[in-house]
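Engineer: Coordinates in data_22.csv, CSV, C-alpha atoms, are listed below.
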```
chain,number,residue,atom,x,y,z
A,18,MET,CA,12.9,-21.3,54.1
A,19,THR,CA,15.3,-22.8,56.7
A,20,GLU,CA,17.6,-23.7,53.8
A,21,SER,CA,17.9,-20.0,52.7
A,22,HIS,CA,18.2,-18.8,56.3
A,23,SER,CA,21.2,-21.1,56.9
A,24,ALA,CA,22.7,-19.9,53.6
A,25,THR,CA,22.3,-16.3,54.7
A,26,ARG,CA,24.0,-17.2,58.0
A,27,ASP,CA,26.9,-18.9,56.1
A,28,TYR,CA,27.4,-15.8,54.0
A,29,LEU,CA,27.4,-13.5,57.0
A,30,ARG,CA,29.7,-15.8,58.9
A,31,GLY,CA,32.1,-15.9,56.0
A,32,TYR,CA,31.9,-12.1,55.6
A,33,VAL,CA,32.7,-11.4,59.2
A,34,ALA,CA,35.7,-13.9,59.0
A,35,LEU,CA,36.9,-12.0,55.9
A,36,LEU,CA,36.8,-8.7,57.7
A,37,VAL,CA,38.6,-10.0,60.7
A,38,LEU,CA,41.3,-11.5,58.5
A,39,LEU,CA,41.6,-8.1,56.6
A,40,VAL,CA,42.3,-6.3,59.9
A,41,VAL,CA,44.8,-9.1,60.9
A,42,THR,CA,46.7,-8.9,57.6
A,43,VAL,CA,47.0,-5.1,57.7
A,44,GLY,CA,48.1,-5.3,61.4
A,45,VAL,CA,50.7,-8.0,60.6
A,46,ALA,CA,52.2,-5.8,57.9
A,47,PHE,CA,53.4,-3.4,60.6
A,48,MET,CA,55.3,-6.1,62.4
A,49,HIS,CA,59.0,-6.6,61.7
A,50,TRP,CA,59.2,-10.3,61.1
A,51,GLY,CA,61.5,-10.3,58.1
A,52,PRO,CA,60.8,-13.2,55.7
A,53,PHE,CA,57.9,-14.4,57.9
A,54,ASN,CA,55.8,-11.4,56.9
A,55,ILE,CA,55.2,-12.7,53.4
A,56,ILE,CA,54.5,-16.2,54.7
A,57,VAL,CA,51.9,-14.9,57.1
A,58,ALA,CA,50.4,-12.5,54.5
A,59,LEU,CA,50.0,-15.3,51.9
A,60,THR,CA,48.6,-17.8,54.5
A,61,ILE,CA,46.0,-15.2,55.4
A,62,ALA,CA,45.2,-14.5,51.7
A,63,PHE,CA,44.9,-18.2,51.2
A,64,ILE,CA,42.4,-18.6,54.1
A,65,LYS,CA,40.4,-15.6,52.7
A,66,SER,CA,40.3,-17.1,49.2
A,67,ALA,CA,39.2,-20.4,50.7
A,68,ILE,CA,36.4,-18.7,52.6
A,69,ILE,CA,35.3,-17.0,49.4
A,70,ALA,CA,35.4,-20.2,47.4
A,71,LEU,CA,33.7,-22.4,50.0
A,72,ASP,CA,31.0,-20.1,51.2
A,73,PHE,CA,30.3,-17.5,48.5
A,74,MET,CA,31.1,-19.7,45.5
A,75,HIS,CA,29.4,-22.8,47.1
A,76,LEU,CA,32.3,-25.0,46.6
A,77,ARG,CA,31.5,-26.6,50.0
A,78,VAL,CA,28.3,-28.1,48.5
A,79,SER,CA,29.5,-28.5,44.9
A,80,PRO,CA,30.3,-31.8,43.2
A,81,ARG,CA,33.8,-33.2,43.7
A,82,LEU,CA,34.6,-32.5,40.1
A,83,ASN,CA,34.4,-28.8,40.7
A,84,TRP,CA,36.8,-29.3,43.6
A,85,VAL,CA,39.2,-31.0,41.3
A,86,VAL,CA,39.1,-28.1,38.8
A,87,ALA,CA,39.4,-25.4,41.6
A,88,SER,CA,42.3,-27.1,43.3
A,89,GLY,CA,43.9,-27.9,40.0
A,90,ALA,CA,44.0,-24.2,39.1
A,91,PHE,CA,45.6,-23.5,42.5
A,92,VAL,CA,48.2,-26.3,42.2
A,93,TRP,CA,49.0,-25.1,38.6
A,94,LEU,CA,49.8,-21.7,40.0
A,95,LEU,CA,52.0,-23.2,42.8
A,96,LEU,CA,53.9,-25.3,40.2
A,97,LEU,CA,54.6,-22.2,38.2
A,98,VAL,CA,55.8,-20.1,41.1
A,99,MET,CA,57.8,-23.0,42.7
A,100,GLY,CA,59.4,-23.9,39.4
A,101,VAL,CA,60.4,-20.4,38.6
A,102,MET,CA,61.6,-19.6,42.1
A,103,ALA,CA,63.6,-22.8,42.4
A,104,ASP,CA,65.7,-21.4,39.6
A,105,TYR,CA,66.0,-17.8,40.8
A,106,MET,CA,66.6,-18.6,44.5
A,107,THR,CA,69.4,-21.0,43.7
A,108,ARG,CA,71.3,-18.6,41.4
A,109,PRO,CA,74.2,-16.6,42.6
A,110,PRO,CA,73.2,-12.9,43.1
A,111,MET,CA,73.2,-11.0,39.9
B,15,MET,CA,23.6,-31.7,49.8
B,16,PRO,CA,21.5,-28.5,49.3
B,17,ILE,CA,22.9,-26.2,46.7
B,18,PRO,CA,21.6,-22.7,47.7
B,19,THR,CA,21.3,-21.4,44.2
B,20,ALA,CA,19.5,-24.4,42.8
B,21,PRO,CA,15.8,-23.7,42.0
B,22,SER,CA,13.5,-25.0,44.7
B,23,SER,CA,11.6,-28.1,43.7
B,24,ALA,CA,9.4,-25.8,41.6
B,25,MET,CA,5.7,-26.3,41.5
B,26,LEU,CA,4.3,-26.6,38.0
B,27,SER,CA,2.7,-23.1,38.1
B,28,GLU,CA,6.0,-21.5,38.9
B,29,PRO,CA,8.3,-20.2,36.1
B,30,ARG,CA,11.2,-22.6,35.6
B,31,ILE,CA,14.6,-22.6,34.0
B,32,ARG,CA,14.5,-23.4,30.4
B,33,VAL,CA,16.5,-26.6,29.8
B,34,ALA,CA,18.5,-26.5,26.6
B,35,SER,CA,18.0,-29.3,24.1
B,36,HIS,CA,21.3,-30.9,24.8
B,37,PHE,CA,20.6,-31.4,28.5
B,38,ASP,CA,18.4,-34.1,30.0
B,39,SER,CA,17.3,-32.1,33.1
B,40,ALA,CA,17.6,-28.7,34.8
B,41,GLU,CA,19.8,-30.4,37.4
B,42,GLN,CA,22.2,-31.7,34.8
B,43,GLN,CA,22.3,-28.3,33.1
B,44,HIS,CA,23.0,-26.6,36.5
B,45,ARG,CA,25.9,-28.9,37.2
B,46,THR,CA,27.3,-28.4,33.7
B,47,VAL,CA,27.2,-24.6,33.7
B,48,THR,CA,28.8,-24.6,37.2
B,49,LEU,CA,31.6,-26.9,36.1
B,50,GLY,CA,32.1,-24.9,32.9
B,51,MET,CA,32.5,-21.7,34.8
B,52,TRP,CA,35.0,-23.3,37.2
B,53,VAL,CA,37.0,-24.4,34.1
B,54,PHE,CA,36.9,-20.9,32.8
B,55,LEU,CA,38.1,-19.5,36.2
B,56,ALA,CA,40.9,-22.0,36.1
B,57,THR,CA,42.1,-20.5,32.8
B,58,GLU,CA,41.8,-17.1,34.5
B,59,VAL,CA,44.2,-18.3,37.2
B,60,MET,CA,46.6,-19.2,34.4
B,61,PHE,CA,46.1,-15.7,32.9
B,62,PHE,CA,46.8,-13.9,36.1
B,63,GLY,CA,49.4,-16.5,37.0
B,64,GLY,CA,51.9,-15.1,34.6
B,65,ALA,CA,51.8,-11.8,36.3
B,66,PHE,CA,52.1,-13.4,39.7
B,67,GLY,CA,55.1,-15.4,38.5
B,68,ALA,CA,56.8,-12.2,37.2
B,69,TYR,CA,56.0,-10.5,40.5
B,70,CYS,CA,57.7,-13.3,42.5
B,71,VAL,CA,60.9,-13.1,40.4
B,72,TYR,CA,61.2,-9.4,40.7
B,73,ARG,CA,60.3,-9.2,44.3
B,74,HIS,CA,63.1,-11.7,44.9
B,75,THR,CA,65.7,-9.9,42.8
B,76,GLN,CA,64.7,-6.4,43.6
B,77,TRP,CA,63.5,-6.9,47.2
B,78,GLN,CA,64.8,-3.6,48.6
B,79,ALA,CA,63.2,-1.6,45.9
B,80,PHE,CA,59.9,-3.5,46.3
B,81,HIS,CA,59.9,-2.8,50.1
B,82,ASP,CA,60.5,0.9,49.5
B,83,ALA,CA,58.1,1.3,46.6
B,84,SER,CA,55.3,-0.6,48.4
B,85,ARG,CA,55.3,2.1,51.1
B,86,GLN,CA,54.3,4.6,48.4
B,87,LEU,CA,51.0,3.0,47.9
B,88,ASP,CA,48.0,4.4,49.8
B,89,LEU,CA,47.3,1.9,52.6
B,90,VAL,CA,44.1,3.5,53.7
B,91,ALA,CA,42.7,3.5,50.1
B,92,GLY,CA,43.8,-0.1,49.6
B,93,THR,CA,42.2,-1.2,52.8
B,94,ILE,CA,38.9,0.6,52.1
B,95,ASN,CA,38.9,-0.9,48.6
B,96,THR,CA,39.4,-4.4,50.0
B,97,LEU,CA,36.5,-3.8,52.4
B,98,VAL,CA,34.3,-2.4,49.6
B,99,LEU,CA,35.1,-5.4,47.4
B,100,LEU,CA,34.5,-8.0,50.1
B,101,THR,CA,31.2,-6.3,50.9
B,102,SER,CA,30.2,-6.4,47.2
B,103,SER,CA,30.9,-10.2,47.2
B,104,LEU,CA,28.5,-10.5,50.1
B,105,THR,CA,25.7,-8.5,48.3
B,106,MET,CA,26.4,-10.6,45.2
B,107,ALA,CA,26.0,-13.8,47.1
B,108,PHE,CA,22.7,-12.4,48.5
B,109,ALA,CA,21.6,-11.5,45.0
B,110,VAL,CA,22.3,-15.0,43.7
B,111,ALA,CA,20.4,-16.5,46.7
B,112,ALA,CA,17.4,-14.2,46.2
B,113,GLY,CA,17.4,-15.0,42.5
B,114,GLY,CA,17.3,-18.7,43.2
B,115,GLU,CA,14.3,-18.2,45.5
B,116,GLY,CA,12.5,-16.1,43.0
B,117,ASN,CA,12.5,-13.0,45.2
B,118,LYS,CA,12.8,-10.4,42.4
B,119,LYS,CA,12.8,-7.2,44.6
B,120,ARG,CA,15.6,-8.5,46.8
B,121,THR,CA,17.6,-9.7,43.8
B,122,LEU,CA,17.4,-6.2,42.2
B,123,ILE,CA,18.3,-4.4,45.4
B,124,CYS,CA,21.3,-6.7,46.0
B,125,LEU,CA,22.4,-6.4,42.3
B,126,GLY,CA,22.1,-2.6,42.6
B,127,LEU,CA,24.2,-2.6,45.8
B,128,THR,CA,26.9,-4.8,44.1
B,129,ILE,CA,27.0,-2.4,41.2
B,130,VAL,CA,27.4,0.6,43.5
B,131,LEU,CA,30.1,-1.0,45.5
B,132,GLY,CA,32.0,-2.2,42.3
B,133,ALA,CA,31.8,1.3,40.9
B,134,ALA,CA,33.1,2.7,44.3
B,135,PHE,CA,36.0,0.4,44.0
B,136,LEU,CA,36.9,1.6,40.6
B,137,GLY,CA,36.4,5.2,41.7
B,138,ILE,CA,38.9,4.8,44.6
B,139,LYS,CA,41.3,3.0,42.2
B,140,ALA,CA,41.1,5.9,39.7
B,141,ILE,CA,41.9,8.4,42.5
B,142,GLU,CA,44.9,6.3,43.5
B,143,TYR,CA,46.1,6.1,39.8
B,144,SER,CA,45.8,9.9,39.5
B,145,HIS,CA,47.9,10.4,42.7
B,146,LYS,CA,50.6,8.1,41.3
B,147,TYR,CA,50.5,10.0,38.0
B,148,HIS,CA,51.0,13.3,39.7
B,149,ALA,CA,53.7,11.8,41.9
B,150,HIS,CA,55.6,10.7,38.8
B,151,LEU,CA,55.3,7.1,39.7
B,152,MET,CA,53.7,5.9,36.5
B,153,PRO,CA,56.4,4.0,34.5
B,154,ILE,CA,54.8,4.5,31.2
B,155,ARG,CA,56.7,5.4,28.1
B,156,GLY,CA,56.9,9.2,27.6
B,157,LEU,CA,56.2,9.9,31.3
B,158,GLU,CA,59.0,10.9,33.7
B,159,PHE,CA,59.6,8.4,36.6
B,160,VAL,CA,60.9,10.1,39.7
B,161,TRP,CA,62.6,8.1,42.4
B,162,PRO,CA,65.0,9.6,45.1
B,163,ASP,CA,67.7,6.9,45.2
B,164,GLU,CA,69.5,4.2,43.3
B,165,GLN,CA,66.6,1.8,43.6
B,166,ALA,CA,64.9,3.6,40.7
B,167,PRO,CA,65.0,0.6,38.2
B,168,GLY,CA,63.5,-1.8,40.8
B,169,ALA,CA,60.9,0.8,41.9
B,170,GLN,CA,60.0,1.2,38.2
B,171,LEU,CA,59.5,-2.6,38.0
B,172,PHE,CA,57.3,-2.5,41.1
B,173,PHE,CA,55.1,0.2,39.7
B,174,GLY,CA,55.0,-1.5,36.3
B,175,LEU,CA,53.7,-4.7,38.0
B,176,TYR,CA,51.4,-2.6,40.2
B,177,PHE,CA,49.7,-1.0,37.2
B,178,ALA,CA,49.7,-4.2,35.1
B,179,MET,CA,48.2,-6.3,37.8
B,180,THR,CA,45.7,-3.8,39.3
B,181,GLY,CA,44.9,-2.7,35.7
B,182,LEU,CA,44.1,-6.3,34.6
B,183,HIS,CA,42.0,-6.6,37.7
B,184,ALA,CA,40.2,-3.4,37.0
B,185,VAL,CA,39.4,-4.5,33.5
B,186,HIS,CA,37.8,-7.6,35.0
B,187,MET,CA,35.8,-5.3,37.3
B,188,VAL,CA,34.6,-3.2,34.4
B,189,ILE,CA,33.5,-6.3,32.5
B,190,GLY,CA,31.8,-7.6,35.7
B,191,LEU,CA,30.0,-4.3,36.1
B,192,ALA,CA,28.8,-4.3,32.5
B,193,LEU,CA,27.5,-7.8,33.0
B,194,LEU,CA,25.8,-6.9,36.3
B,195,LEU,CA,24.0,-3.9,34.6
B,196,ILE,CA,22.8,-6.3,31.8
B,197,PHE,CA,21.5,-8.7,34.6
B,198,LEU,CA,19.8,-5.8,36.4
B,199,VAL,CA,17.9,-4.7,33.2
B,200,MET,CA,17.2,-8.3,32.2
B,201,ILE,CA,15.7,-9.3,35.6
B,202,ALA,CA,13.8,-6.0,36.0
B,203,ARG,CA,12.0,-6.6,32.7
B,204,SER,CA,11.4,-10.3,33.4
B,205,PRO,CA,8.3,-11.5,35.4
B,206,SER,CA,10.5,-13.9,37.4
B,207,THR,CA,14.1,-14.3,38.5
B,208,ILE,CA,13.9,-18.2,38.3
B,209,PRO,CA,14.6,-18.5,34.5
B,210,HIS,CA,17.8,-16.4,35.1
B,211,SER,CA,19.0,-18.1,38.3
B,212,ASP,CA,21.6,-20.3,36.7
B,213,ARG,CA,23.1,-17.4,34.7
B,214,LEU,CA,23.0,-15.2,37.8
B,215,MET,CA,24.9,-17.9,39.8
B,216,VAL,CA,27.6,-18.0,37.1
B,217,MET,CA,27.8,-14.2,37.3
B,218,GLY,CA,28.3,-14.6,41.0
B,219,LEU,CA,31.2,-17.0,40.5
B,220,TYR,CA,32.9,-14.5,38.2
B,221,TRP,CA,32.4,-11.7,40.7
B,222,HIS,CA,33.7,-13.7,43.6
B,223,PHE,CA,36.7,-14.8,41.6
B,224,VAL,CA,37.6,-11.2,40.8
B,225,ASP,CA,37.3,-10.5,44.5
B,226,MET,CA,39.6,-13.4,45.2
B,227,ILE,CA,42.3,-12.0,42.9
B,228,TRP,CA,42.2,-8.8,44.9
B,229,VAL,CA,42.6,-10.7,48.1
B,230,TYR,CA,46.1,-11.7,46.8
B,231,LEU,CA,46.9,-8.4,45.1
B,232,PHE,CA,46.3,-6.4,48.2
B,233,PRO,CA,48.9,-7.9,50.5
B,234,LEU,CA,51.4,-8.5,47.7
B,235,LEU,CA,51.4,-4.9,46.5
B,236,TYR,CA,50.3,-2.8,49.5
B,237,LEU,CA,51.5,-4.7,52.5
B,238,ILE,CA,55.1,-5.8,51.6
B,239,ASP,CA,56.6,-3.9,54.5
B,240,ARG,CA,54.9,-1.3,56.7
B,241,SER,CA,57.1,-1.8,59.7
```
Taking this structure as input, can you express it in the form of structure tokens?

Structural biologist:
Amino acid sequence: MTESHSATRDYLRGYVALLVLLVVTVGVAFMHWGPFNIIVALTIAFIKSAIIALDFMHLRVSPRLNWVVASGAFVWLLLLVMGVMADYMTRPPM
Amino acid sequence: MPIPTAPSSAMLSEPRIRVASHFDSAEQQHRTVTLGMWVFLATEVMFFGGAFGAYCVYRHTQWQAFHDASRQLDLVAGTINTLVLLTSSLTMAFAVAAGGEGNKKRTLICLGLTIVLGAAFLGIKAIEYSHKYHAHLMPIRGLEFVWPDEQAPGAQLFFGLYFAMTGLHAVHMVIGLALLLIFLVMIARSPSTIPHSDRLMVMGLYWHFVDMIWVYLFPLLYLIDRS
């Protein structure tokens, strides 16, 4: 019983954190920070997705192999975006 | 390390998960289906990754058009939809937890709530799509695309990506809802939730993943520049 209670508390804590971050990310969009807006927005999105993975998807208590697969997927996406953008951002404007 | 979805050390009288012949134990089967689902989700990241990559390129080359076009999206609808989807993830997590404990009534209630919230998300999305259609912001062959200034080609690219990415996401939602309905019927007709608990946990992973995609789509599409 105590086990399920602490799971419920984890879910609720994660949910509240997600709602707070939702308010923050919408609020930040109204700030005029130039290129920092996208950095802040993506950082918040990453924290939100980490909360979903760790709490809701139980990655926190999953075997390390699942961590490897989950982070591998994320790193793959980073490689794709970084590889493509390294090309486009160093080209002279079209 | 307690795994919340794992069946409790079931007494012999309780219904248990059927262990397939190629597994040694329920524990091994549980670990395998979880890992298998994570591998599938990794392929889903690659699937969506192409769209995210295209988005990055065009946001870089057409940044002015993307800033202008993003303001045309309905921020209130997008925020409400994010709230709806995050809440549906919470009810899904509760459904998985209740299923693992064998609490049939609570499992069914939480699954029902998840279905209602998922359907609400798609309903709000449909209203947004219809507004974009009437505002001539749907860059689909045969439809007129109306944009006031010289940023029209870039705006067209933005809305093309908007419909492709949110559309792909919505397809995942529809599949998720169909699966949830199957689970609802299957569990309602079954004497216990325990034999379904591993499947339900995998269903939860899928649902949370679709939520996670939206967590990135929302700021990238709706929140580019509201200042």

Engineer: Compute the chain B side of the contact with chain A at 7 Å, counting all atoms listed in the file, and hand it back as an MDAnalysis selection string.

Structural biologist: chainID B and resid 15:18 49 52:53 56 59:60 63 67 71 104 107 219 222 226 229:230 233 237:241

Engineer: Please compute the CA of Ala192 (chain B)-CA of Val130 (chain B) distance, one decimal, in Å.

Structural biologist: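 Result for CA of Ala192 (chain B) versus CA of Val130 (chain B): 12.1 Å, one decimal.
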
Engineer: Give me, as an mmCIF file with C-alpha atoms, in the frame of the given file, all polymer residues having an atom no more than 6 Å from region 203-217 of chain B, counting only C-alpha atoms and skipping those fewer than 4 positions away in the same chain.

Structural biologist:
```cif
data_model
loop_
_atom_site.group_PDB
_atom_site.id
_atom_site.type_symbol
_atom_site.label_atom_id
_atom_site.label_comp_id
_atom_site.auth_asym_id
_atom_site.auth_seq_id
_atom_site.Cartn_x
_atom_site.Cartn_y
_atom_site.Cartn_z
ATOM 1 C CA ARG B 30 11.200 -22.600 35.600
ATOM 2 C CA ILE B 31 14.600 -22.600 34.000
ATOM 3 C CA VAL B 110 22.300 -15.000 43.700
ATOM 4 C CA GLY B 113 17.400 -15.000 42.500
ATOM 5 C CA GLY B 114 17.300 -18.700 43.200
ATOM 6 C CA GLY B 116 12.500 -16.100 43.000
ATOM 7 C CA LYS B 118 12.800 -10.400 42.400
#
```

Engineer: What is the CA of Ala109 (chain B) to CA of His44 (chain B) distance in Å?

Structural biologist: 17.4 Å

Engineer: Give me, as a tab-separated table (two decimals) with C-alpha atoms, keeping the file's coordinate frame, all polymer residues having an atom no more than 7 Å from Cys124 (chain B), counting only C-alpha atoms and skipping those fewer than 3 positions away in the same chain.

Structural biologist:
```tsv
chain	number	residue	atom	x	y	z
B	105	THR	CA	25.70	-8.50	48.30
B	106	MET	CA	26.40	-10.60	45.20
B	108	PHE	CA	22.70	-12.40	48.50
B	109	ALA	CA	21.60	-11.50	45.00
B	120	ARG	CA	15.60	-8.50	46.80
B	121	THR	CA	17.60	-9.70	43.80
B	127	LEU	CA	24.20	-2.60	45.80
B	128	THR	CA	26.90	-4.80	44.10
```

Engineer: All heavy atoms for region 27-37 of chain A, written as an mmCIF file, in the frame of the given file, could you do that?

Structural biologist:
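out_14.cif was written with the following content:
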```
data_model
loop_
_atom_site.group_PDB
_atom_site.id
_atom_site.type_symbol
_atom_site.label_atom_id
_atom_site.label_comp_id
_atom_site.auth_asym_id
_atom_site.auth_seq_id
_atom_site.Cartn_x
_atom_site.Cartn_y
_atom_site.Cartn_z
ATOM 1 N N ASP A 27 25.539 -18.513 56.616
ATOM 2 C CA ASP A 27 26.900 -18.900 56.100
ATOM 3 C C ASP A 27 27.561 -17.692 55.467
ATOM 4 O O ASP A 27 28.745 -17.456 55.688
ATOM 5 C CB ASP A 27 26.729 -19.998 55.048
ATOM 6 C CG ASP A 27 26.617 -21.368 55.691
ATOM 7 O OD1 ASP A 27 26.711 -21.426 56.935
ATOM 8 O OD2 ASP A 27 26.425 -22.354 54.961
ATOM 9 N N TYR A 28 26.812 -16.938 54.660
ATOM 10 C CA TYR A 28 27.400 -15.800 54.000
ATOM 11 C C TYR A 28 27.883 -14.755 55.006
ATOM 12 O O TYR A 28 28.990 -14.222 54.898
ATOM 13 C CB TYR A 28 26.382 -15.110 53.067
ATOM 14 C CG TYR A 28 25.949 -15.956 51.892
ATOM 15 C CD1 TYR A 28 24.679 -15.842 51.353
ATOM 16 C CD2 TYR A 28 26.822 -16.862 51.301
ATOM 17 C CE1 TYR A 28 24.279 -16.610 50.281
ATOM 18 C CE2 TYR A 28 26.435 -17.638 50.237
ATOM 19 C CZ TYR A 28 25.154 -17.516 49.726
ATOM 20 O OH TYR A 28 24.759 -18.267 48.664
ATOM 21 N N LEU A 29 27.034 -14.476 56.008
ATOM 22 C CA LEU A 29 27.400 -13.500 57.000
ATOM 23 C C LEU A 29 28.606 -13.926 57.824
ATOM 24 O O LEU A 29 29.512 -13.133 58.097
ATOM 25 C CB LEU A 29 26.210 -13.169 57.916
ATOM 26 C CG LEU A 29 25.126 -12.297 57.270
ATOM 27 C CD1 LEU A 29 23.916 -12.192 58.180
ATOM 28 C CD2 LEU A 29 25.671 -10.898 56.961
ATOM 29 N N ARG A 30 28.617 -15.222 58.173
ATOM 30 C CA ARG A 30 29.700 -15.800 58.900
ATOM 31 C C ARG A 30 31.034 -15.635 58.124
ATOM 32 O O ARG A 30 32.071 -15.198 58.633
ATOM 33 C CB ARG A 30 29.461 -17.219 59.289
ATOM 34 C CG ARG A 30 30.312 -17.757 60.415
ATOM 35 C CD ARG A 30 30.053 -19.236 60.578
ATOM 36 N NE ARG A 30 30.190 -19.928 59.300
ATOM 37 C CZ ARG A 30 29.694 -21.120 59.029
ATOM 38 N NH1 ARG A 30 29.016 -21.766 59.924
ATOM 39 N NH2 ARG A 30 29.877 -21.682 57.840
ATOM 40 N N GLY A 31 30.954 -15.996 56.834
ATOM 41 C CA GLY A 31 32.100 -15.900 56.000
ATOM 42 C C GLY A 31 32.580 -14.419 55.850
ATOM 43 O O GLY A 31 33.776 -14.131 55.919
ATOM 44 N N TYR A 32 31.609 -13.517 55.729
ATOM 45 C CA TYR A 32 31.900 -12.100 55.600
ATOM 46 C C TYR A 32 32.642 -11.567 56.810
ATOM 47 O O TYR A 32 33.660 -10.872 56.703
ATOM 48 C CB TYR A 32 30.634 -11.321 55.308
ATOM 49 C CG TYR A 32 30.811 -9.834 55.156
ATOM 50 C CD1 TYR A 32 31.511 -9.304 54.077
ATOM 51 C CD2 TYR A 32 30.277 -8.957 56.088
ATOM 52 C CE1 TYR A 32 31.670 -7.942 53.934
ATOM 53 C CE2 TYR A 32 30.423 -7.593 55.957
ATOM 54 C CZ TYR A 32 31.121 -7.087 54.875
ATOM 55 O OH TYR A 32 31.284 -5.726 54.740
ATOM 56 N N VAL A 33 32.116 -11.902 57.992
ATOM 57 C CA VAL A 33 32.700 -11.400 59.200
ATOM 58 C C VAL A 33 34.162 -11.992 59.335
ATOM 59 O O VAL A 33 35.108 -11.266 59.680
ATOM 60 C CB VAL A 33 31.883 -11.849 60.457
ATOM 61 C CG1 VAL A 33 32.635 -11.595 61.751
ATOM 62 C CG2 VAL A 33 30.564 -11.090 60.462
ATOM 63 N N ALA A 34 34.336 -13.272 58.992
ATOM 64 C CA ALA A 34 35.700 -13.900 59.000
ATOM 65 C C ALA A 34 36.614 -13.133 58.082
ATOM 66 O O ALA A 34 37.775 -12.867 58.417
ATOM 67 C CB ALA A 34 35.594 -15.351 58.668
ATOM 68 N N LEU A 35 36.117 -12.762 56.901
ATOM 69 C CA LEU A 35 36.900 -12.000 55.900
ATOM 70 C C LEU A 35 37.367 -10.685 56.477
ATOM 71 O O LEU A 35 38.517 -10.257 56.303
ATOM 72 C CB LEU A 35 36.179 -11.862 54.612
ATOM 73 C CG LEU A 35 35.985 -13.111 53.751
ATOM 74 C CD1 LEU A 35 35.016 -12.838 52.615
ATOM 75 C CD2 LEU A 35 37.321 -13.575 53.188
ATOM 76 N N LEU A 36 36.441 -10.000 57.163
ATOM 77 C CA LEU A 36 36.800 -8.700 57.700
ATOM 78 C C LEU A 36 37.816 -8.802 58.821
ATOM 79 O O LEU A 36 38.763 -8.016 58.892
ATOM 80 C CB LEU A 36 35.509 -7.996 58.272
ATOM 81 C CG LEU A 36 34.441 -7.596 57.245
ATOM 82 C CD1 LEU A 36 33.440 -6.649 57.886
ATOM 83 C CD2 LEU A 36 35.055 -6.956 56.023
ATOM 84 N N VAL A 37 37.650 -9.820 59.680
ATOM 85 C CA VAL A 37 38.600 -10.000 60.700
ATOM 86 C C VAL A 37 40.007 -10.279 60.144
ATOM 87 O O VAL A 37 41.018 -9.689 60.561
ATOM 88 C CB VAL A 37 38.190 -11.207 61.649
ATOM 89 C CG1 VAL A 37 39.305 -11.593 62.623
ATOM 90 C CG2 VAL A 37 36.919 -10.852 62.414
#
```
